[in-house]
Amino acid sequence: MGVGHGSAVDRLHLGGDTVVHRLAAHIKIVATFAFVVAVAVTPRQRVEVFAVGAACVVALVALARIPVRVWLTRCTVILPFMTMAILVPLVGGGEQTEVVGVSLSVDGLWAAFNIAAKAFIGASASIVLAATTPVTELLEGFTRLRVPRVLISIVAFMIRYLDLLVGQLGRMRTAMVARAHDPRWLWQAKPIASSAGALFVRSYERGERVHQAMLARGYTGVMPDIDSRPQSGTQWWVAVVAPLPVVVTLIVGML
Amino acid sequence: MSHLPAVLAMHAPDGFLEPGVALVTAVIAVAITALGLRRASAELGDRQVPLAGLAAAFIFAAQMFNFPVAAGTTGHLLGGALAAILLGPWVGSLIVTVVVVVQAVLFADGGLTALGYNTVNMSIVTAFGGWAAFRLLRRVMPANSAGVVGATALAAGISVVLSSAAFSIEWLFGASAPVAFDTVFGAMVGVHALIGIGEGLISGLVIAAVLAARPDLVAGAADLDLADLSRPAKVGTRTFVIGAFVATVVVAAVVSQFAVDNPDGLEKVAEDQGFIDSARDHALDSSIFADYATSGVDNASVSLAVAGVAGVLITLAVGYGLLGASRLGRRPEDTSNKIPQNA
């Protein structure tokens, strides 16, 4: 499916030959979703379940030999929502508690903990998935999971051309800056928006040209399946085991 | 925090709303995406893969492209309404969904279990809501490129507000924190009305640039004569921004009024818990304290209806007046809409 190499998306994948890397992509996808769903349905007061979930994530990061710095850097995508989580105890209603002279909502504190714990564990699971699976294999994994092939092909094209388009945008911006374009206010944004419009026209016309090229090479509306290889590491039991520590802790506590 | 819209672009993480909401919105998202795929193959035929793929890459890239907001702070486009107006609501929502899903799976930007409501809020509501607003506005706008650009700007702004309203409604059913619906609705709609100014302005200008170069590529202008459309639309950018800002403040004031007029949430909890005095001493305004959103469904849904309808009507009315003003206030020396043609 011709996904470019060395692109921003491909850099997400960290090479390696660990157990996590070798597992077939579709099983990794199911395992990741199962694990994240188990964490997401955990009631907020079950701190021990979140501890088990976090331990699983740490174990996975270690097992996949993902550098801690890379993992934590990528986790920063959840920070914007963490700022919202910090506000919740301040504006939340219900029973209040005093912490260093600030009145905080008890429910709000639990809510903030709930959001932070689930966001951190969930994001870490996605990060492990993306860091140990090349994009091509990930797309193939979703195909094996019966996601419509057309949708996968659209995603593959998007990823294939993303860096190209971002590069075009960058060059347009360089050209504008070279002509002393230094906007500071919203109403000075017109040249930027016009470049984005130009980029859309270029992208669409590129799509038309790519389509012509595909037709010339015998495209019939279905992408040829050239990336499929015999799958190794198709241990389905992994997908069953992945959410187990969390689920077992969850159930044991309810008994 | 120099990148405000990124903070509020609603790539919600796992566990932000209750599992029930996540499940229902996921079912809606899958159904609309399946229908969107069907419509895309009907509209684009075997061109759908390269064209939708490139269009999705465009939206993804556009979201990385910062525009200035004020005094050096920047924002970025969300693109749902823009995609719908360029490609129609079905293909538009499909490609924004692709972007949202890839951001979650590959970049951990938005939780995997939050994909349902993130998709509904960021792609389905913005694309279909933006498209509906666009079609309605087109009826009252002149049938030329200025009318299309103006309708795009207003519809894109409205789509962001609709998206924040959708999030607030989901919050009503699946709040993960004890913050009342009124508070969430007021804050989300207020903030997103401001974000909507940037979204509307940029979307309108993008459509203006596309109309100038390839008017046939704008699905929202498919009913118009191409020769009319290729005449460039002059938009008084500065007038639009200032006018839209004033309109937003008016709308935000009206919307928040509904939240303030609804103090029963606070009063009830405060009296029940016997801390009404301490609550009044709090540094934050009392209107933002309230009981759980889900326990106040009755008054919340009434206030939603009234506030929502009033907000949208006022946005439309003020916006339409504004567009007239912006066309009157155009500057003839404005030649900055040259498009690089070295493709």
# chains A, B, ... in the order shown; residues from 1 in each chain; ligands from 1
$ closest_atom_pairs --of "chain A" --to "chain B" --cutoff "7 Å" --atoms "only C-alpha atoms" --output "JSON lines"
{"residue": "A:Phe33", "atom": "CA", "partner": "B:Leu112", "partner_atom": "CA", "distance": 7.0}
{"residue": "A:Val36", "atom": "CA", "partner": "B:Thr113", "partner_atom": "CA", "distance": 6.9}
{"residue": "A:Val37", "atom": "CA", "partner": "B:Thr113", "partner_atom": "CA", "distance": 6.2}
{"residue": "A:Ala40", "atom": "CA", "partner": "B:Gly15", "partner_atom": "CA", "distance": 5.1}
{"residue": "A:Val41", "atom": "CA", "partner": "B:Pro19", "partner_atom": "CA", "distance": 6.1}
{"residue": "A:Val77", "atom": "CA", "partner": "B:Asp109", "partner_atom": "CA", "distance": 5.8}
{"residue": "A:Ile78", "atom": "CA", "partner": "B:Pro13", "partner_atom": "CA", "distance": 6.8}
{"residue": "A:Pro80", "atom": "CA", "partner": "B:Val7", "partner_atom": "CA", "distance": 5.0}
{"residue": "A:Val88", "atom": "CA", "partner": "B:Ala177", "partner_atom": "CA", "distance": 6.9}
{"residue": "A:Val91", "atom": "CA", "partner": "B:Phe289", "partner_atom": "CA", "distance": 6.2}
{"residue": "A:Gly92", "atom": "CA", "partner": "B:Val179", "partner_atom": "CA", "distance": 5.0}
{"residue": "A:Gly93", "atom": "CA", "partner": "B:Phe289", "partner_atom": "CA", "distance": 5.2}
{"residue": "A:Gly94", "atom": "CA", "partner": "B:Asp291", "partner_atom": "CA", "distance": 6.6}
{"residue": "A:Asp107", "atom": "CA", "partner": "B:Pro178", "partner_atom": "CA", "distance": 6.2}
{"residue": "A:Gly108", "atom": "CA", "partner": "B:Pro178", "partner_atom": "CA", "distance": 5.8}
{"residue": "A:Ala111", "atom": "CA", "partner": "B:Ala177", "partner_atom": "CA", "distance": 4.8}
{"residue": "A:Ile115", "atom": "CA", "partner": "B:Phe16", "partner_atom": "CA", "distance": 5.8}
{"residue": "A:Lys118", "atom": "CA", "partner": "B:Asp14", "partner_atom": "CA", "distance": 5.5}
{"residue": "A:Ala119", "atom": "CA", "partner": "B:Asp14", "partner_atom": "CA", "distance": 4.9}
{"residue": "A:Gly122", "atom": "CA", "partner": "B:Asp14", "partner_atom": "CA", "distance": 6.0}
{"residue": "A:Ala123", "atom": "CA", "partner": "B:Ala108", "partner_atom": "CA", "distance": 5.1}
{"residue": "A:Ser126", "atom": "CA", "partner": "B:Ala108", "partner_atom": "CA", "distance": 5.4}
{"residue": "A:Ile127", "atom": "CA", "partner": "B:Ala108", "partner_atom": "CA", "distance": 6.1}
{"residue": "A:Ala130", "atom": "CA", "partner": "B:Leu106", "partner_atom": "CA", "distance": 5.4}
{"residue": "A:Val150", "atom": "CA", "partner": "B:Val49", "partner_atom": "CA", "distance": 6.7}
{"residue": "A:Ser153", "atom": "CA", "partner": "B:Val49", "partner_atom": "CA", "distance": 6.2}
{"residue": "A:Ile154", "atom": "CA", "partner": "B:Gly53", "partner_atom": "CA", "distance": 4.4}
{"residue": "A:Val155", "atom": "CA", "partner": "B:Gly53", "partner_atom": "CA", "distance": 6.2}
{"residue": "A:Phe157", "atom": "CA", "partner": "B:Gly53", "partner_atom": "CA", "distance": 4.7}
{"residue": "A:Met158", "atom": "CA", "partner": "B:Gly53", "partner_atom": "CA", "distance": 4.5}
{"residue": "A:Ile159", "atom": "CA", "partner": "B:Ala57", "partner_atom": "CA", "distance": 6.9}
{"residue": "A:Tyr161", "atom": "CA", "partner": "B:Ala57", "partner_atom": "CA", "distance": 6.3}
{"residue": "A:Leu162", "atom": "CA", "partner": "B:Ala57", "partner_atom": "CA", "distance": 4.9}
{"residue": "A:Leu165", "atom": "CA", "partner": "B:Ala61", "partner_atom": "CA", "distance": 6.4}
{"residue": "A:Val166", "atom": "CA", "partner": "B:Ala61", "partner_atom": "CA", "distance": 5.4}
{"residue": "A:Pro183", "atom": "CA", "partner": "B:Pro68", "partner_atom": "CA", "distance": 6.1}
{"residue": "A:Arg184", "atom": "CA", "partner": "B:Gly72", "partner_atom": "CA", "distance": 4.9}
{"residue": "A:Trp185", "atom": "CA", "partner": "B:Ala70", "partner_atom": "CA", "distance": 4.5}
{"residue": "A:Leu186", "atom": "CA", "partner": "B:Val69", "partner_atom": "CA", "distance": 4.3}
{"residue": "A:Trp187", "atom": "CA", "partner": "B:Arg238", "partner_atom": "CA", "distance": 4.9}
{"residue": "A:Ala189", "atom": "CA", "partner": "B:Phe67", "partner_atom": "CA", "distance": 6.1}
{"residue": "A:Lys190", "atom": "CA", "partner": "B:Leu205", "partner_atom": "CA", "distance": 6.5}
{"residue": "A:Pro191", "atom": "CA", "partner": "B:Asn337", "partner_atom": "CA", "distance": 6.3}
{"residue": "A:Ile192", "atom": "CA", "partner": "B:Phe67", "partner_atom": "CA", "distance": 6.8}
{"residue": "A:Ala193", "atom": "CA", "partner": "B:Val206", "partner_atom": "CA", "distance": 5.1}
{"residue": "A:Ser194", "atom": "CA", "partner": "B:Ala209", "partner_atom": "CA", "distance": 5.2}
{"residue": "A:Ser195", "atom": "CA", "partner": "B:Ile339", "partner_atom": "CA", "distance": 6.5}
{"residue": "A:Ala196", "atom": "CA", "partner": "B:Val206", "partner_atom": "CA", "distance": 6.1}
{"residue": "A:Gly197", "atom": "CA", "partner": "B:Val206", "partner_atom": "CA", "distance": 4.3}
{"residue": "A:Ala198", "atom": "CA", "partner": "B:Ile339", "partner_atom": "CA", "distance": 6.2}
{"residue": "A:Phe200", "atom": "CA", "partner": "B:Phe58", "partner_atom": "CA", "distance": 6.2}
{"residue": "A:Val201", "atom": "CA", "partner": "B:Val210", "partner_atom": "CA", "distance": 6.4}
{"residue": "A:Arg202", "atom": "CA", "partner": "B:Ala343", "partner_atom": "CA", "distance": 6.4}
{"residue": "A:Ser203", "atom": "CA", "partner": "B:Leu54", "partner_atom": "CA", "distance": 5.8}
{"residue": "A:Tyr204", "atom": "CA", "partner": "B:Leu51", "partner_atom": "CA", "distance": 6.3}
{"residue": "A:Gly207", "atom": "CA", "partner": "B:Leu51", "partner_atom": "CA", "distance": 4.8}
{"residue": "A:Glu208", "atom": "CA", "partner": "B:Leu51", "partner_atom": "CA", "distance": 6.7}
{"residue": "A:Val210", "atom": "CA", "partner": "B:Pro50", "partner_atom": "CA", "distance": 6.6}
{"residue": "A:His211", "atom": "CA", "partner": "B:Pro50", "partner_atom": "CA", "distance": 6.0}
{"residue": "A:Gly221", "atom": "CA", "partner": "B:Asp46", "partner_atom": "CA", "distance": 4.7}
$ select_by_dssp --residues "stretch 32-202 of chain A" --states "helix (DSSP H, G or I)" --output "NGL selection string"
:A and (32-40 or 47-63 or 68-91 or 106-132 or 135-144 or 149-178 or 186-188 or 190-202)
$ write_last_selection --atoms "C-alpha atoms" --output "compact mmCIF listing (two decimals), in the first residue's frame"
# COMPACT_ATOMS: atom_id res chain seq x y z
CA THR A 32 -4.70 -2.77 23.12
CA PHE A 33 -8.41 -2.02 22.72
CA ALA A 34 -9.39 -4.73 25.23
CA PHE A 35 -6.91 -3.38 27.78
CA VAL A 36 -7.96 0.25 27.32
CA VAL A 37 -11.67 -0.61 27.50
CA ALA A 38 -11.08 -2.53 30.76
CA VAL A 39 -9.32 0.50 32.22
CA ALA A 40 -11.97 2.92 30.92
CA VAL A 47 -7.32 3.00 42.88
CA GLU A 48 -5.78 -0.47 43.03
CA VAL A 49 -7.14 -1.30 39.57
CA PHE A 50 -5.51 1.80 38.11
CA ALA A 51 -2.28 0.83 39.87
CA VAL A 52 -2.42 -2.58 38.18
CA GLY A 53 -3.19 -0.90 34.83
CA ALA A 54 -0.25 1.47 35.23
CA ALA A 55 1.99 -1.45 36.21
CA CYS A 56 0.92 -3.28 33.04
CA VAL A 57 1.81 -0.23 30.95
CA VAL A 58 5.22 0.14 32.62
CA ALA A 59 5.88 -3.57 32.12
CA LEU A 60 4.93 -3.26 28.42
CA VAL A 61 7.18 -0.24 27.90
CA ALA A 62 10.04 -2.14 29.52
CA LEU A 63 9.29 -5.33 27.58
CA VAL A 68 11.35 6.11 28.95
CA ARG A 69 12.05 9.59 27.60
CA VAL A 70 10.28 8.79 24.29
CA TRP A 71 7.31 7.30 26.14
CA LEU A 72 6.89 10.28 28.48
CA THR A 73 7.44 12.82 25.70
CA ARG A 74 4.68 11.21 23.66
CA CYS A 75 2.44 11.15 26.74
CA THR A 76 2.46 14.94 26.72
CA VAL A 77 -0.41 14.88 24.18
CA ILE A 78 -2.77 14.38 27.14
CA LEU A 79 -1.50 17.47 28.98
CA PRO A 80 -4.12 19.88 27.58
CA PHE A 81 -6.84 17.78 29.13
CA MET A 82 -4.89 17.49 32.35
CA THR A 83 -5.14 21.27 32.72
CA MET A 84 -8.90 20.83 32.49
CA ALA A 85 -8.72 18.01 35.05
CA ILE A 86 -6.88 20.36 37.43
CA LEU A 87 -9.70 22.89 37.14
CA VAL A 88 -12.42 20.36 38.00
CA PRO A 89 -11.73 20.19 41.78
CA LEU A 90 -11.82 24.01 41.85
CA VAL A 91 -15.17 24.43 40.11
CA VAL A 106 -14.00 15.93 46.89
CA ASP A 107 -15.93 14.63 43.91
CA GLY A 108 -13.92 16.94 41.70
CA LEU A 109 -10.66 15.49 43.02
CA TRP A 110 -11.88 11.99 42.27
CA ALA A 111 -12.96 13.12 38.81
CA ALA A 112 -9.57 14.68 38.14
CA PHE A 113 -7.83 11.49 39.31
CA ASN A 114 -10.17 9.42 37.15
CA ILE A 115 -9.46 11.47 34.01
CA ALA A 116 -5.71 11.61 34.66
CA ALA A 117 -5.37 7.87 35.38
CA LYS A 118 -7.44 6.71 32.40
CA ALA A 119 -5.88 9.21 30.00
CA PHE A 120 -2.34 8.27 31.05
CA ILE A 121 -2.88 4.50 30.87
CA GLY A 122 -4.89 4.73 27.64
CA ALA A 123 -2.39 7.02 25.91
CA SER A 124 0.52 4.80 27.02
CA ALA A 125 -1.17 1.73 25.54
CA SER A 126 -1.64 3.55 22.19
CA ILE A 127 1.97 4.71 22.32
CA VAL A 128 3.25 1.16 22.82
CA LEU A 129 1.09 -0.02 19.90
CA ALA A 130 2.33 2.71 17.54
CA ALA A 131 5.95 2.42 18.68
CA THR A 132 6.19 -1.34 18.16
CA VAL A 135 2.28 1.65 9.93
CA THR A 136 1.99 -0.80 7.05
CA GLU A 137 1.53 -3.69 9.46
CA LEU A 138 -0.93 -1.67 11.50
CA LEU A 139 -3.03 -1.02 8.37
CA GLU A 140 -2.82 -4.68 7.45
CA GLY A 141 -3.88 -5.58 10.98
CA PHE A 142 -6.99 -3.43 10.67
CA THR A 143 -7.75 -5.09 7.31
CA ARG A 144 -7.55 -8.49 9.00
CA ARG A 149 -10.42 -2.10 2.60
CA VAL A 150 -11.47 1.20 1.02
CA LEU A 151 -11.17 2.96 4.36
CA ILE A 152 -7.73 1.45 4.94
CA SER A 153 -6.64 2.55 1.47
CA ILE A 154 -7.80 6.12 2.16
CA VAL A 155 -5.81 6.10 5.42
CA ALA A 156 -2.77 4.71 3.60
CA PHE A 157 -2.97 7.48 0.99
CA MET A 158 -3.37 10.09 3.67
CA ILE A 159 -0.29 8.88 5.50
CA ARG A 160 1.64 8.50 2.25
CA TYR A 161 1.02 12.13 1.20
CA LEU A 162 0.91 13.82 4.59
CA ASP A 163 4.60 14.68 4.76
CA LEU A 164 4.56 15.91 1.18
CA LEU A 165 1.70 18.31 1.94
CA VAL A 166 3.23 19.47 5.20
CA GLY A 167 6.45 20.09 3.27
CA GLN A 168 4.55 22.15 0.69
CA LEU A 169 2.97 24.19 3.47
CA GLY A 170 6.36 24.74 5.01
CA ARG A 171 7.79 26.00 1.72
CA MET A 172 4.84 28.35 1.22
CA ARG A 173 5.41 29.72 4.70
CA THR A 174 9.13 30.10 4.06
CA ALA A 175 8.30 32.02 0.88
CA MET A 176 5.97 34.32 2.82
CA VAL A 177 8.44 34.88 5.64
CA ALA A 178 11.13 35.65 3.06
CA LEU A 186 -6.09 37.24 13.20
CA TRP A 187 -7.02 39.74 10.50
CA GLN A 188 -3.52 39.41 9.05
CA LYS A 190 -5.31 36.09 4.88
CA PRO A 191 -2.08 35.06 3.10
CA ILE A 192 -1.91 31.95 5.30
CA ALA A 193 -5.51 31.01 4.53
CA SER A 194 -4.93 31.65 0.83
CA SER A 195 -1.92 29.31 0.93
CA ALA A 196 -4.10 26.70 2.60
CA GLY A 197 -6.64 27.16 -0.21
CA ALA A 198 -3.86 26.81 -2.77
CA LEU A 199 -2.70 23.70 -0.94
CA PHE A 200 -6.17 22.20 -1.20
CA VAL A 201 -6.23 22.82 -4.96
CA ARG A 202 -2.76 21.32 -5.30
$ atom_distance --atom1 "atom CA of B:Phe128" --atom2 "atom CA of A:Arg206"
26.3 Å
$ select_by_dssp --residues "stretch 34-124 of chain A" --states "strand (DSSP E)" --output "tab-separated table (two decimals) with C-alpha atoms, in the first residue's frame"
chain	number	residue	atom	x	y	z
A	96	GLN	CA	-15.62	20.35	49.84
A	97	THR	CA	-12.26	19.77	51.45
A	98	GLU	CA	-9.52	22.23	52.38
A	99	VAL	CA	-6.09	21.70	50.84
A	102	VAL	CA	-7.98	26.18	48.89
A	103	SER	CA	-11.48	24.75	48.96
A	104	LEU	CA	-11.59	21.74	46.65
A	105	SER	CA	-14.50	19.52	45.70
$ residues_around --residues "B:Arg138" --least-positions-apart "3" --cutoff "7 Å" --atoms "only C-alpha atoms" --output "list in words"
Phe134, Arg135, Met141, Gly147, Val148 and Ala151 of chain B
$ write_last_selection --atoms "C-alpha atoms" --output "PDB file, in the first residue's frame"
ATOM      1  CA  PHE B 134     -24.039  26.672   5.102  1.00  0.00           C
ATOM      2  CA  ARG B 135     -27.060  25.590   3.037  1.00  0.00           C
ATOM      3  CA  MET B 141     -26.793  35.218   0.717  1.00  0.00           C
ATOM      4  CA  GLY B 147     -22.162  34.815  -0.827  1.00  0.00           C
ATOM      5  CA  VAL B 148     -20.390  31.447  -0.774  1.00  0.00           C
ATOM      6  CA  ALA B 151     -21.825  31.578   4.182  1.00  0.00           C
TER       7      ALA B 151
END
